[in-house]
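**Student:** Please find target_31.csv (CSV, C-alpha atoms and all ligand atoms) on the next line:
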chain,number,residue,atom,x,y,z
F,743,MET,CA,-27.6,-33.0,-24.9
F,744,TYR,CA,-28.6,-31.8,-28.4
F,745,THR,CA,-26.1,-29.6,-30.2
F,746,ASP,CA,-26.0,-28.9,-33.8
F,747,ARG,CA,-22.5,-30.0,-34.8
F,748,GLY,CA,-20.7,-28.9,-37.8
F,749,ASN,CA,-22.7,-25.7,-38.4
F,750,THR,CA,-20.7,-23.7,-41.0
F,751,THR,CA,-22.1,-20.2,-40.2
F,752,ASP,CA,-21.3,-20.0,-36.5
F,753,ALA,CA,-17.9,-19.6,-35.1
F,754,VAL,CA,-19.2,-20.1,-31.5
F,755,ARG,CA,-22.5,-21.4,-30.2
F,756,LEU,CA,-23.5,-21.4,-26.5
F,757,THR,CA,-26.4,-23.4,-25.4
F,758,ALA,CA,-27.9,-23.0,-21.9
F,759,VAL,CA,-24.5,-22.1,-20.4
F,760,ARG,CA,-24.6,-21.9,-16.6
F,761,LYS,CA,-21.7,-21.1,-14.4
F,762,VAL,CA,-21.8,-21.4,-10.6
F,763,TYR,CA,-18.8,-20.4,-8.5
F,764,GLY,CA,-18.2,-21.6,-5.0
F,765,LYS,CA,-19.7,-24.5,-3.0
F,766,ARG,CA,-22.8,-25.2,-0.9
F,767,ASP,CA,-24.2,-22.1,0.9
F,768,ASN,CA,-21.5,-19.9,-0.6
F,769,THR,CA,-22.3,-19.9,-4.3
F,770,VAL,CA,-22.5,-17.2,-6.9
F,771,VAL,CA,-24.5,-17.8,-10.1
F,772,ALA,CA,-22.3,-16.0,-12.6
F,773,LEU,CA,-24.1,-17.2,-15.7
F,774,ASP,CA,-27.7,-18.4,-15.5
F,775,GLY,CA,-28.6,-20.2,-18.7
F,776,VAL,CA,-27.1,-18.2,-21.6
F,777,SER,CA,-27.8,-19.3,-25.2
F,778,THR,CA,-26.4,-17.4,-28.1
F,779,ARG,CA,-24.3,-17.7,-31.2
F,780,PHE,CA,-21.5,-15.7,-32.8
F,781,GLY,CA,-21.6,-15.9,-36.6
F,782,ARG,CA,-18.4,-16.2,-38.6
F,783,GLY,CA,-17.1,-12.8,-39.7
F,784,THR,CA,-19.2,-10.9,-37.2
F,785,PHE,CA,-18.2,-8.4,-34.5
F,786,THR,CA,-20.2,-8.6,-31.2
F,787,ALA,CA,-19.9,-6.4,-28.2
F,788,ILE,CA,-21.0,-7.7,-24.8
F,789,MET,CA,-22.2,-5.1,-22.3
F,790,GLY,CA,-23.7,-5.2,-18.8
F,791,PRO,CA,-23.2,-3.9,-15.3
F,792,SER,CA,-20.1,-4.9,-13.2
F,793,GLY,CA,-20.6,-8.5,-12.0
F,794,SER,CA,-23.2,-9.3,-14.7
F,795,GLY,CA,-21.1,-12.2,-16.0
F,796,LYS,CA,-19.4,-10.7,-19.1
F,797,SER,CA,-15.9,-12.0,-18.4
F,798,THR,CA,-17.2,-15.3,-17.2
F,799,LEU,CA,-19.1,-15.6,-20.6
F,800,LEU,CA,-15.9,-14.8,-22.5
F,801,GLN,CA,-13.9,-17.3,-20.4
F,802,CYS,CA,-16.4,-20.1,-20.9
F,803,ALA,CA,-16.7,-19.4,-24.6
F,804,ALA,CA,-12.9,-19.4,-25.0
F,805,GLY,CA,-12.4,-22.7,-23.1
F,806,LEU,CA,-10.5,-20.9,-20.3
F,807,ASP,CA,-13.2,-21.8,-17.7
F,808,HIS,CA,-15.6,-24.8,-17.6
F,809,PRO,CA,-19.3,-24.1,-17.5
F,810,THR,CA,-21.1,-25.9,-14.7
F,811,SER,CA,-23.6,-27.1,-17.3
F,812,GLY,CA,-24.5,-26.3,-20.9
F,813,SER,CA,-22.7,-26.6,-24.1
F,814,VAL,CA,-20.1,-24.5,-25.9
F,815,LEU,CA,-19.4,-25.3,-29.6
F,816,LEU,CA,-16.4,-23.7,-31.1
F,817,GLU,CA,-16.4,-24.3,-34.9
F,818,ASP,CA,-17.2,-28.1,-34.7
F,819,HIS,CA,-15.6,-28.7,-31.3
F,820,GLU,CA,-17.7,-29.3,-28.2
F,821,LEU,CA,-15.5,-27.9,-25.5
F,822,SER,CA,-17.1,-30.0,-22.7
F,823,ASP,CA,-15.9,-33.1,-24.5
F,824,MET,CA,-12.3,-32.0,-24.5
F,825,ASN,CA,-9.6,-32.5,-21.9
F,826,GLU,CA,-7.1,-29.8,-20.7
F,827,THR,CA,-4.4,-30.8,-23.3
F,828,GLN,CA,-6.9,-30.7,-26.1
F,829,LEU,CA,-8.3,-27.4,-24.9
F,830,THR,CA,-4.8,-25.9,-24.6
F,831,LYS,CA,-4.1,-26.9,-28.2
F,832,LEU,CA,-7.4,-25.6,-29.4
F,833,ARG,CA,-6.9,-22.2,-27.7
F,834,ARG,CA,-3.4,-21.9,-29.1
F,835,GLU,CA,-4.5,-22.7,-32.7
F,836,ARG,CA,-8.1,-21.4,-33.0
F,837,ILE,CA,-8.5,-18.6,-30.5
F,838,GLY,CA,-6.9,-15.2,-30.1
F,839,PHE,CA,-7.0,-13.1,-26.9
F,840,VAL,CA,-6.8,-9.4,-26.3
F,841,PHE,CA,-7.0,-8.0,-22.8
F,842,GLN,CA,-7.1,-4.6,-21.2
F,843,ALA,CA,-3.5,-5.1,-20.0
F,844,PHE,CA,-1.6,-5.8,-23.2
F,845,ASN,CA,0.4,-8.8,-21.7
F,846,LEU,CA,3.4,-8.4,-24.0
F,847,LEU,CA,6.8,-9.8,-23.0
F,848,PRO,CA,9.0,-6.8,-22.3
F,849,VAL,CA,12.3,-8.5,-23.4
F,850,LEU,CA,11.0,-9.5,-26.8
F,851,THR,CA,10.7,-7.2,-29.8
F,852,VAL,CA,7.4,-6.4,-31.5
F,853,ARG,CA,8.1,-9.1,-34.1
F,854,GLN,CA,9.0,-11.7,-31.5
F,855,ASN,CA,6.0,-10.9,-29.4
F,856,VAL,CA,3.7,-11.3,-32.5
F,857,THR,CA,5.2,-14.7,-33.5
F,858,LEU,CA,5.3,-16.1,-30.0
F,859,PRO,CA,2.0,-18.0,-30.2
F,860,LEU,CA,3.2,-19.7,-33.4
F,861,ARG,CA,6.6,-20.6,-31.9
F,862,LEU,CA,4.9,-22.0,-28.8
F,863,ALA,CA,2.8,-24.2,-31.1
F,864,GLY,CA,6.0,-25.3,-32.8
F,865,ARG,CA,5.0,-23.6,-36.1
F,866,LYS,CA,6.8,-21.2,-38.4
F,867,PRO,CA,4.9,-18.3,-39.8
F,868,ALA,CA,4.4,-18.5,-43.6
F,869,LYS,CA,6.7,-16.3,-45.6
F,870,GLY,CA,5.7,-12.7,-45.4
F,871,ARG,CA,2.8,-13.4,-43.0
F,872,VAL,CA,4.4,-11.5,-40.0
F,873,THR,CA,5.2,-8.5,-42.2
F,874,ASP,CA,1.6,-8.5,-43.6
F,875,VAL,CA,0.1,-8.6,-40.1
F,876,LEU,CA,2.4,-5.9,-38.8
F,877,GLU,CA,1.4,-3.8,-41.8
F,878,GLN,CA,-2.2,-4.5,-41.1
F,879,VAL,CA,-1.9,-3.0,-37.6
F,880,GLY,CA,0.3,-0.2,-38.9
F,881,LEU,CA,3.5,-1.2,-37.1
F,882,SER,CA,5.8,-2.3,-39.9
F,883,GLU,CA,8.3,0.4,-38.9
F,884,ARG,CA,8.4,-0.8,-35.3
F,885,SER,CA,9.1,-4.5,-35.7
F,886,LYS,CA,12.5,-4.3,-33.9
F,887,HIS,CA,11.3,-2.1,-31.0
F,888,ARG,CA,10.5,-3.4,-27.5
F,889,PRO,CA,7.0,-2.8,-25.9
F,890,ALA,CA,8.4,-0.1,-23.5
F,891,GLU,CA,9.4,2.0,-26.5
F,892,LEU,CA,5.8,2.1,-27.8
F,893,SER,CA,2.7,4.0,-26.8
F,894,GLY,CA,-0.3,2.3,-25.2
F,895,GLY,CA,-2.2,2.1,-28.4
F,896,GLN,CA,0.7,0.8,-30.3
F,897,GLN,CA,1.2,-1.9,-27.6
F,898,GLN,CA,-2.4,-2.9,-27.9
F,899,ARG,CA,-2.0,-3.1,-31.7
F,900,VAL,CA,0.9,-5.5,-31.1
F,901,ALA,CA,-1.4,-7.6,-29.0
F,902,ILE,CA,-4.0,-7.6,-31.8
F,903,ALA,CA,-1.3,-8.6,-34.3
F,904,ARG,CA,-0.3,-11.5,-32.0
F,905,ALA,CA,-4.0,-12.5,-31.9
F,906,LEU,CA,-4.4,-12.3,-35.7
F,907,ILE,CA,-1.2,-14.2,-36.6
F,908,CYS,CA,-2.7,-17.6,-36.1
F,909,GLU,CA,-5.8,-16.7,-38.2
F,910,PRO,CA,-8.0,-17.7,-35.2
F,911,ALA,CA,-11.7,-18.8,-35.5
F,912,VAL,CA,-12.4,-16.1,-32.9
F,913,ILE,CA,-10.7,-13.2,-31.2
F,914,PHE,CA,-12.0,-12.7,-27.6
F,915,ALA,CA,-11.3,-9.2,-26.3
F,916,ASP,CA,-12.0,-8.2,-22.7
F,917,GLU,CA,-12.1,-4.4,-22.5
F,918,PRO,CA,-9.3,-4.0,-25.0
F,919,THR,CA,-9.6,-0.2,-24.9
F,920,GLY,CA,-10.1,0.1,-21.1
F,921,ALA,CA,-6.6,1.5,-20.6
F,922,LEU,CA,-6.5,3.7,-23.7
F,923,ASP,CA,-7.4,7.4,-24.2
F,924,THR,CA,-10.2,8.2,-26.6
F,925,ARG,CA,-8.3,8.8,-29.7
F,926,THR,CA,-6.0,5.8,-29.3
F,927,ALA,CA,-9.1,3.6,-28.4
F,928,ARG,CA,-10.7,4.7,-31.7
F,929,ASP,CA,-7.6,3.6,-33.7
F,930,VAL,CA,-7.7,0.2,-32.0
F,931,LEU,CA,-11.4,-0.2,-32.5
F,932,GLY,CA,-11.1,0.8,-36.2
F,933,LEU,CA,-8.4,-1.9,-36.5
F,934,LEU,CA,-10.7,-4.6,-35.0
F,935,ARG,CA,-13.5,-3.5,-37.3
F,936,GLN,CA,-11.2,-3.6,-40.3
F,937,SER,CA,-10.1,-7.1,-39.6
F,938,VAL,CA,-13.8,-8.2,-39.6
F,939,GLN,CA,-14.4,-6.4,-42.9
F,940,THR,CA,-11.3,-7.4,-44.8
F,941,THR,CA,-10.4,-10.9,-43.5
F,942,GLY,CA,-13.8,-12.0,-42.1
F,943,GLN,CA,-12.3,-12.3,-38.6
F,944,THR,CA,-14.9,-13.1,-35.9
F,945,ILE,CA,-14.6,-10.9,-32.8
F,946,VAL,CA,-16.4,-11.0,-29.4
F,947,MET,CA,-15.5,-7.9,-27.3
F,948,VAL,CA,-16.5,-7.0,-23.7
F,949,THR,CA,-16.7,-3.3,-23.1
F,950,HIS,CA,-18.3,-0.7,-20.8
F,951,ASP,CA,-18.2,2.0,-23.4
F,952,PRO,CA,-21.1,2.6,-25.8
F,953,VAL,CA,-18.8,4.3,-28.3
F,954,ALA,CA,-16.5,1.2,-28.4
F,955,ALA,CA,-19.6,-1.1,-28.6
F,956,SER,CA,-20.9,0.9,-31.6
F,957,TYR,CA,-18.0,-0.5,-33.7
F,958,ALA,CA,-19.7,-3.9,-33.4
F,959,ASP,CA,-22.5,-5.4,-35.6
F,960,ARG,CA,-24.4,-6.4,-32.6
F,961,VAL,CA,-24.5,-5.6,-28.9
F,962,LEU,CA,-25.5,-8.3,-26.4
F,963,PHE,CA,-26.7,-7.1,-23.0
F,964,LEU,CA,-26.1,-9.1,-19.9
F,965,ALA,CA,-27.8,-8.6,-16.5
F,966,ASP,CA,-27.4,-10.9,-13.5
F,967,GLY,CA,-25.9,-13.7,-15.6
F,968,ARG,CA,-28.8,-13.6,-18.2
F,969,LEU,CA,-29.2,-12.2,-21.6
F,970,ALA,CA,-31.1,-8.9,-21.2
F,971,GLY,CA,-31.5,-7.9,-24.8
F,972,GLU,CA,-29.6,-7.3,-28.0
F,973,LEU,CA,-29.1,-4.5,-30.5
F,974,PHE,CA,-28.2,-4.9,-34.2
F,975,SER,CA,-26.4,-2.2,-36.2
F,976,PRO,CA,-26.0,-0.3,-32.9
F,977,THR,CA,-25.1,3.4,-32.6
F,978,ALA,CA,-23.5,4.9,-29.5
F,979,ASP,CA,-26.8,6.8,-29.0
F,980,SER,CA,-29.0,3.7,-29.3
F,981,ILE,CA,-26.7,1.8,-26.9
F,982,ALA,CA,-26.6,4.6,-24.3
F,983,GLU,CA,-30.4,4.8,-24.6
F,984,ARG,CA,-30.8,1.0,-23.9
F,985,MET,CA,-28.3,1.2,-21.0
F,986,THR,CA,-30.4,3.8,-19.2
F,987,HIS,CA,-33.4,1.4,-19.4
F,988,LEU,CA,-31.5,-1.6,-18.0
F,989,GLY,CA,-32.4,-1.3,-14.3
F,990,ALA,CA,-29.5,-1.5,-11.9
F,991,TRP,CA,-27.2,-0.1,-14.6
F,992,ALA,CA,-28.4,3.4,-14.1
F,993,ASP,CA,-26.4,3.6,-10.8
F,994,ASP,CA,-23.4,1.7,-12.2
F,995,VAL,CA,-22.5,3.4,-15.4
F,996,SER,CA,-23.4,6.9,-16.5
F,997,PRO,CA,-23.7,6.8,-20.3
F,998,PRO,CA,-22.1,9.8,-21.9
F,999,PRO,CA,-24.5,12.5,-23.0
F,1000,ALA,CA,-25.7,12.1,-26.6
F,1001,ALA,CA,-23.7,15.1,-27.9
F,1002,THR,CA,-20.3,13.8,-26.8
F,1003,VAL,CA,-21.1,10.4,-28.2
F,1004,GLY,CA,-21.6,11.9,-31.6
F,1005,GLU,CA,-18.3,13.7,-31.5
F,1006,LEU,CA,-16.2,10.8,-30.5
F,1007,ARG,CA,-17.2,8.5,-33.3
F,1101,LIG,N1,-13.4,-17.2,-9.5
F,1101,LIG,C1,-14.6,-16.7,-9.0
F,1101,LIG,N2,-15.0,-17.2,-7.8
F,1101,LIG,C2,-16.2,-16.7,-7.3
F,1101,LIG,N3,-17.0,-15.8,-7.9
F,1101,LIG,C3,-16.6,-15.3,-9.1
F,1101,LIG,C4,-15.4,-15.7,-9.7
F,1101,LIG,N4,-15.2,-15.1,-10.9
F,1101,LIG,C5,-16.3,-14.3,-11.0
F,1101,LIG,N5,-17.1,-14.4,-9.9
F,1101,LIG,C6,-18.4,-13.8,-9.7
F,1101,LIG,O1,-19.3,-14.0,-10.8
F,1101,LIG,C7,-20.0,-12.9,-11.1
F,1101,LIG,C8,-19.7,-12.5,-12.6
F,1101,LIG,O2,-18.4,-12.0,-12.6
F,1101,LIG,P1,-17.7,-11.5,-14.0
F,1101,LIG,O3,-16.2,-11.3,-13.7
F,1101,LIG,O4,-18.1,-12.4,-15.1
F,1101,LIG,O5,-18.4,-10.1,-14.1
F,1101,LIG,P2,-18.2,-8.9,-15.2
F,1101,LIG,O6,-19.5,-8.7,-15.9
F,1101,LIG,O7,-17.0,-9.3,-16.1
F,1101,LIG,O8,-17.8,-7.7,-14.3
F,1101,LIG,P3,-16.8,-6.4,-14.6
F,1101,LIG,O9,-17.6,-5.5,-15.5
F,1101,LIG,O10,-16.7,-5.9,-13.2
F,1101,LIG,O11,-15.6,-7.0,-15.1
F,1101,LIG,C9,-19.6,-11.8,-10.1
F,1101,LIG,O12,-20.6,-11.8,-9.1
F,1101,LIG,C10,-18.3,-12.3,-9.6
F,1101,LIG,O13,-18.1,-11.9,-8.2
F,1102,MG,MG,-15.1,-8.4,-16.4
Just give me the structure as structure tokens.
**Tutor:**
Amino acid sequence: MYTDRGNTTDAVRLTAVRKVYGKRDNTVVALDGVSTRFGRGTFTAIMGPSGSGKSTLLQCAAGLDHPTSGSVLLEDHELSDMNETQLTKLRRERIGFVFQAFNLLPVLTVRQNVTLPLRLAGRKPAKGRVTDVLEQVGLSERSKHRPAELSGGQQQRVAIARALICEPAVIFADEPTGALDTRTARDVLGLLRQSVQTTGQTIVMVTHDPVAASYADRVLFLADGRLAGELFSPTADSIAERMTHLGAWADDVSPPPAATVGELR
């Protein structure tokens, strides 16, 4: 298959990615030929009705799941050419993850949680790096605390620091603000946005929330496993407007009224 290897402007490139779950007469087509690219230093939000394939897209792009067919190029690595050991190494070194559930280890302190990926990779953080990252997420004062002593938003910021510590090519986030209240969500989204602006981090984030998606440079809409459109420089209003026109979605998600969208931002 033709893939444009070694491209310097894309962090990730998907070409005709198809994912079929199940066997024989019991199959689900989760992704049906998705091609797109995520440029370095860009922030993309992925939106779509429940079951449209958002998490599957993220998992395939991150090498956590294997597409049935198609190509995923992460930096200059073709994931379908790699075995499990190589994929594990690549994920550890080049990819950061942030999930709705923060997935912190309760017995470890903030600092230990943040440095865990490096220690798992047998590496030591460069001098001052952990302090810098904790400062970046506004948690320098909390480095010796354990997750249970932190608020939800603070715990998510620890998870973001843990994703940032390896300076990954991409951070994949699946509904990172799904468990947070509006104000805390806004802090976390501001932090993600800031890491794109200040360090050129690439971020791909799944969300159901038009306000969250408005922090991105681009919104990619999925429906039934296919791309159903995109919006550049989105606002919460333009996203909500697009959502109301995306067929089945109207019954699935009620976009907030325009007035509240404006206030939240
Ligand atoms: N392991 C699996 N086995 C079988 N089918 C699966 C599996 N994972 C996902 N699917 C199916 O693939 C489709 C896409 O699922 P996916 O989890 O990507 O949706 P999503 O857009 O993330 O939805 P949500 O917004 O509810 O999280 C769904 O129909 C789902 O039931
Ligand atoms: Mg999902």
**Student:** If you count all atoms listed in the file, which residues end up within 7 Å of ligand MG 1102 (chain F), as a compact mmCIF listing (two decimals) with C-alpha atoms, in the frame of the given file?
**Tutor:**
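As written to disk, pocket33.txt reads:
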# COMPACT_ATOMS: atom_id res chain seq x y z
CA SER F 792 -20.10 -4.90 -13.20
CA LYS F 796 -19.40 -10.70 -19.10
CA SER F 797 -15.90 -12.00 -18.40
**Student:** To check your reading of the model: which residues sit at most 8 Å from ligand LIG 1101 (chain F) when counting all atoms listed in the file? Write the answer as a list in words.
**Tutor:**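 Result of the 8 Å neighbour search around ligand LIG 1101 (chain F): Val762, Tyr763, Gly764, Thr769, Val770, Val771, Ala772, Leu773, Met789, Gly790, Pro791, Ser792, Gly793, Ser794, Gly795, Lys796, Ser797, Thr798, Leu799, Val948, Thr949, His950, Leu964, Asp966 and Gly967 of chain F.
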**Student:** Take atom CA of F:Thr940 and atom CA of F:Ile902 and report the distance between them in Å, one decimal.
**Tutor:**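 Going from atom CA of F:Thr940 over to atom CA of F:Ile902, I get 14.9 Å.
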**Student:** How many Å separate atom CA of F:Phe839 from atom CA of F:Ala982?
**Tutor:**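 Separation between atom CA of F:Phe839 and atom CA of F:Ala982: 26.5 Å.
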**Student:** Residues at most 9 Å from stretch 918-923 of chain F, counting only C-alpha atoms, excluding those fewer than 5 positions away in the same chain, as a PyMOL selection string?
**Tutor:** chain F and resi 840-844+894-895+898+928+930-931+947-951+954
**Student:** Next, write the just-selected residues to a file, as a short mmCIF file (atom, residue, chain, number, x, y, z; two decimals), in the frame of the given file, keeping C-alpha atoms as the atom set.
**Tutor:**
data_model
loop_
_atom_site.label_atom_id
_atom_site.label_comp_id
_atom_site.auth_asym_id
_atom_site.auth_seq_id
_atom_site.Cartn_x
_atom_site.Cartn_y
_atom_site.Cartn_z
CA VAL F 840 -6.80 -9.40 -26.30
CA PHE F 841 -7.00 -8.00 -22.80
CA GLN F 842 -7.10 -4.60 -21.20
CA ALA F 843 -3.50 -5.10 -20.00
CA PHE F 844 -1.60 -5.80 -23.20
CA GLY F 894 -0.30 2.30 -25.20
CA GLY F 895 -2.20 2.10 -28.40
CA GLN F 898 -2.40 -2.90 -27.90
CA ARG F 928 -10.70 4.70 -31.70
CA VAL F 930 -7.70 0.20 -32.00
CA LEU F 931 -11.40 -0.20 -32.50
CA MET F 947 -15.50 -7.90 -27.30
CA VAL F 948 -16.50 -7.00 -23.70
CA THR F 949 -16.70 -3.30 -23.10
CA HIS F 950 -18.30 -0.70 -20.80
CA ASP F 951 -18.20 2.00 -23.40
CA ALA F 954 -16.50 1.20 -28.40
#
**Student:** Against stretch 775-778 of chain F, which residues of stretch 877-973 of chain F fall within 12 Å? For each one I want the closest pair of atoms and the distance in Å (one decimal), counting all atoms listed in the file, rows by chain and increasing residue number, as a Markdown table.
**Tutor:**
| residue | atom | partner | partner_atom | distance |
| --- | --- | --- | --- | --- |
| F:Val946 | CA | F:Thr778 | CA | 11.9 |
| F:Val961 | CA | F:Thr778 | CA | 12.0 |
| F:Leu962 | CA | F:Thr778 | CA | 9.3 |
| F:Phe963 | CA | F:Val776 | CA | 11.2 |
| F:Leu964 | CA | F:Val776 | CA | 9.3 |
| F:Ala965 | CA | F:Val776 | CA | 10.9 |
| F:Asp966 | CA | F:Gly775 | CA | 10.7 |
| F:Gly967 | CA | F:Val776 | CA | 7.6 |
| F:Arg968 | CA | F:Val776 | CA | 6.0 |
| F:Leu969 | CA | F:Val776 | CA | 6.4 |
| F:Ala970 | CA | F:Val776 | CA | 10.1 |
| F:Gly971 | CA | F:Thr778 | CA | 11.3 |
| F:Glu972 | CA | F:Thr778 | CA | 10.6 |
**Student:** When you count all atoms listed in the file, which of these residues is closest to F:Tyr957: F:Thr926, F:Thr784, F:Ser822, F:Asn855?
**Tutor:** F:Thr784
**Student:** Grab the atom CA of F:Thr751 to atom CA of F:Ala903 distance for me, in Å with one decimal place.
**Tutor:**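 These two atoms are separated by 24.5 Å.
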**Student:** Of the candidates F:Gln854, F:Pro952, F:Glu826, F:Gln801, which one gets nearest to F:Thr986 if we count only C-alpha atoms?
**Tutor:**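 For F:Thr986, the nearest of the candidates is F:Pro952.
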**Student:** Determine the nearest neighbour of F:Arg904 from the options F:Arg984, F:His808, F:Arg779, F:Arg834, counting only C-alpha atoms.
**Tutor:** F:Arg834
**Student:** Could you check which of F:Asp774, F:Asp929, F:Asp767, F:Glu891 is closest to F:Thr851, using all atoms listed in the file?
**Tutor:**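 For F:Thr851, the nearest of the given residues is F:Glu891.
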**Student:** Show me, as an MDAnalysis selection string, the residues that have an atom within 8 Å of stretch 861-873 of chain F when counting only C-alpha atoms, minus same-chain residues fewer than 6 positions from it.
**Tutor:** chainID F and resid 831 834:835 853 882 907
**Student:** With C-alpha atoms retained, write the just-selected residues as an mmCIF file, in the frame of the given file.
**Tutor:**
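As written to disk, again20.cif reads:
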data_model
loop_
_atom_site.group_PDB
_atom_site.id
_atom_site.type_symbol
_atom_site.label_atom_id
_atom_site.label_comp_id
_atom_site.auth_asym_id
_atom_site.auth_seq_id
_atom_site.Cartn_x
_atom_site.Cartn_y
_atom_site.Cartn_z
ATOM 1 C CA LYS F 831 -4.100 -26.900 -28.200
ATOM 2 C CA ARG F 834 -3.400 -21.900 -29.100
ATOM 3 C CA GLU F 835 -4.500 -22.700 -32.700
ATOM 4 C CA ARG F 853 8.100 -9.100 -34.100
ATOM 5 C CA SER F 882 5.800 -2.300 -39.900
ATOM 6 C CA ILE F 907 -1.200 -14.200 -36.600
#
**Student:** Ranking F:Ser893, F:Asn768, F:Gln936, F:Thr786 by minimum distance to F:Ala753 and counting all atoms listed in the file, which one comes first?
**Tutor:**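 For F:Ala753, the nearest of the candidates is F:Thr786.
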**Student:** Select, from F:Ile913, F:Phe974, F:Leu832, F:Leu816, the residue with the minimum atom-to-atom distance to F:Gly942, counting all atoms listed in the file.
**Tutor:**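 Once distances to F:Gly942 are computed over all atoms listed in the file, the minimum belongs to F:Ile913.
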**Student:** Quick one: everything within 8 Å of F:Thr977, counting all atoms listed in the file, minus sequence neighbours fewer than 3 positions away in the same chain. Send it as a compact mmCIF listing (two decimals) with C-alpha atoms, in the frame of the given file.
**Tutor:**
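Now in part_7.txt:
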# COMPACT_ATOMS: atom_id res chain seq x y z
CA PRO F 952 -21.10 2.60 -25.80
CA VAL F 953 -18.80 4.30 -28.30
CA SER F 956 -20.90 0.90 -31.60
CA SER F 980 -29.00 3.70 -29.30
CA ILE F 981 -26.70 1.80 -26.90
**Student:** Up to 8 Å from (13.6, -6.2, -35.9) in the file's coordinates: name the residues, counting all atoms listed in the file, as a list in words.
**Tutor:** Thr851, Val852, Arg853, Arg884, Ser885, Lys886 and His887 of chain F
